[in-house]
Every structure is written in C-alpha cells, then in structure tokens.
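Below is input.tsv, holding TSV, C-alpha atoms.
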```
chain	number	residue	atom	x	y	z
A	1268	MET	CA	139.87	102.04	-58.52
A	1269	SER	CA	138.81	104.81	-56.17
A	1270	PHE	CA	141.01	106.07	-53.36
A	1271	VAL	CA	138.35	108.33	-51.79
A	1272	ASN	CA	136.08	106.86	-49.13
A	1273	PHE	CA	132.78	108.74	-48.93
A	1274	ASN	CA	131.40	106.53	-46.16
A	1275	PHE	CA	132.25	108.80	-43.21
A	1276	VAL	CA	129.81	107.23	-40.75
A	1277	THR	CA	130.18	103.51	-40.29
A	1278	ASP	CA	127.67	103.08	-37.45
A	1279	LYS	CA	124.34	104.48	-38.62
A	1280	SER	CA	122.27	103.19	-35.70
A	1281	ASN	CA	122.28	106.47	-33.77
A	1282	MET	CA	121.58	108.76	-36.72
A	1283	PRO	CA	118.28	110.71	-36.62
A	1284	ASP	CA	115.39	109.68	-38.79
A	1285	VAL	CA	114.67	112.00	-41.72
A	1286	THR	CA	111.00	112.33	-40.82
A	1287	ALA	CA	111.71	113.26	-37.18
A	1288	ILE	CA	114.44	115.78	-37.86
A	1289	ASN	CA	112.28	118.83	-37.16
A	1290	THR	CA	111.19	117.67	-33.69
A	1291	SER	CA	114.07	115.66	-32.29
A	1292	THR	CA	117.15	117.43	-33.62
A	1293	PHE	CA	116.14	121.05	-34.02
A	1294	GLY	CA	112.93	121.36	-32.00
A	1295	SER	CA	109.98	123.48	-32.95
A	1296	PRO	CA	110.57	127.13	-33.84
A	1297	GLY	CA	110.11	129.52	-30.95
A	1298	THR	CA	107.67	132.36	-30.59
A	1299	ILE	CA	110.30	135.03	-31.16
A	1300	THR	CA	111.48	133.32	-34.34
A	1301	LEU	CA	107.97	133.12	-35.77
A	1302	LEU	CA	107.24	136.71	-34.77
A	1303	GLY	CA	110.49	137.89	-36.37
A	1304	LEU	CA	109.79	136.04	-39.60
A	1305	ALA	CA	106.26	137.44	-39.69
A	1306	VAL	CA	107.55	141.00	-39.21
A	1307	LEU	CA	110.12	140.53	-41.98
A	1308	LEU	CA	107.49	139.08	-44.30
A	1309	ILE	CA	105.01	141.89	-43.66
A	1310	PHE	CA	107.72	144.53	-44.05
A	1311	SER	CA	108.98	143.10	-47.33
A	1312	ILE	CA	105.47	142.69	-48.77
A	1313	THR	CA	104.61	146.31	-47.97
A	1314	LYS	CA	107.86	147.52	-49.56
A	1315	ILE	CA	107.24	145.46	-52.70
A	1316	LEU	CA	103.66	146.74	-53.00
A	1317	ASN	CA	104.78	150.33	-52.48
A	1318	PHE	CA	107.45	149.87	-55.17
A	1319	TYR	CA	104.80	148.84	-57.68
A	1320	GLY	CA	102.66	151.85	-56.78
A	1321	ILE	CA	99.98	150.06	-54.77
A	1322	GLY	CA	99.01	152.27	-51.86
A	1323	ILE	CA	98.19	151.45	-48.26
A	1324	ASN	CA	94.53	152.25	-48.93
A	1325	VAL	CA	94.34	149.16	-51.17
A	1326	TYR	CA	96.03	146.56	-48.97
A	1327	GLY	CA	95.68	148.17	-45.54
A	1328	SER	CA	92.56	146.32	-44.44
A	1329	TYR	CA	94.06	142.97	-45.49
A	1330	LEU	CA	97.28	143.79	-43.66
A	1331	ALA	CA	95.38	144.73	-40.50
A	1332	PHE	CA	93.44	141.46	-40.64
A	1333	TYR	CA	96.63	139.38	-40.98
A	1334	ILE	CA	98.25	141.27	-38.10
A	1335	PHE	CA	95.15	140.60	-36.02
A	1336	ILE	CA	95.34	136.87	-36.79
A	1337	LEU	CA	99.07	136.84	-35.99
A	1338	LEU	CA	98.58	138.57	-32.65
A	1339	ALA	CA	95.62	136.37	-31.77
A	1340	SER	CA	97.63	133.23	-32.48
A	1341	PHE	CA	100.36	134.40	-30.08
A	1342	TRP	CA	97.98	135.74	-27.45
A	1343	LEU	CA	95.37	133.00	-27.22
A	1344	ASP	CA	95.93	129.59	-25.64
A	1345	LYS	CA	97.29	126.87	-27.86
A	1346	TYR	CA	96.89	123.96	-25.49
A	1347	TYR	CA	93.59	122.73	-24.19
A	1348	PRO	CA	93.35	120.65	-21.00
A	1349	SER	CA	92.18	117.10	-21.45
A	1350	ILE	CA	89.22	115.91	-19.44
```

Would you put the structure from the file into structure tokens?
Amino acid sequence: MSFVNFNFVTDKSNMPDVTAINTSTFGSPGTITLLGLAVLLIFSITKILNFYGIGINVYGSYLAFYIFILLASFWLDKYYPSI
C-alpha cells in the first residue's frame, strides 16, 4: 500500500502537447540568443583548436566563411511576401 500520490495534475485537458512545446510554451529563440550561442560556440572552438596547437592559418578561412554565413542569415530577409 502506497501513501504517496504522484498524480499531481488531475485535469490534463489544458496541458501543452509534447510536440508543440517549442512553439506554444517557450516560443522560438530570439536573434540575440542565437547570436550569443554562435559567439560562444565560435569562441570555444577556437580555444580548443589553439589548445591542441592548430593555428589560425589552418582554420581561419573556414571560420571566416561560417561567420559570413551567420551574418548573412541575420542580415538578409527571412520572410518572403506571398503573391
């Protein structure tokens, strides 16, 4: 016989759907969030590569290309008008 009730929510009709949790509950991530995560990712990758002795002359062109793609995705239009 168990004395603990783990059923905290009795009415589950207003609970969000698992598949729609990223759009209805939290929304889509903002531009500043994506830019911040990209900066942290680029910074950490460069520090890891420098730790292993790989210089900027090896990965610099790739890094510049990814920064160009990142800036272009923020700068260019994302929504096209419908005709």

Given 5 Å on each side, where is the centre and what are the edge lengths in Å to one decimal of the axis-aligned box enclosing the listed atoms of range 1299-1314 of chain A, as AutoDock Vina command-line options?
```
--center_x 108.0 --center_y 140.3 --center_z -40.4 --size_x 16.9 --size_y 24.4 --size_z 28.4
```

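For the pair CA of Val1306 in chain A and CA of Tyr1333 in chain A, the interatomic distance is 11.2 Å.
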
Computed interatomic separation between CA of Phe1335 in chain A and CA of Pro1296 in chain A (Å):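 Distance between the two atoms: 20.6 Å.
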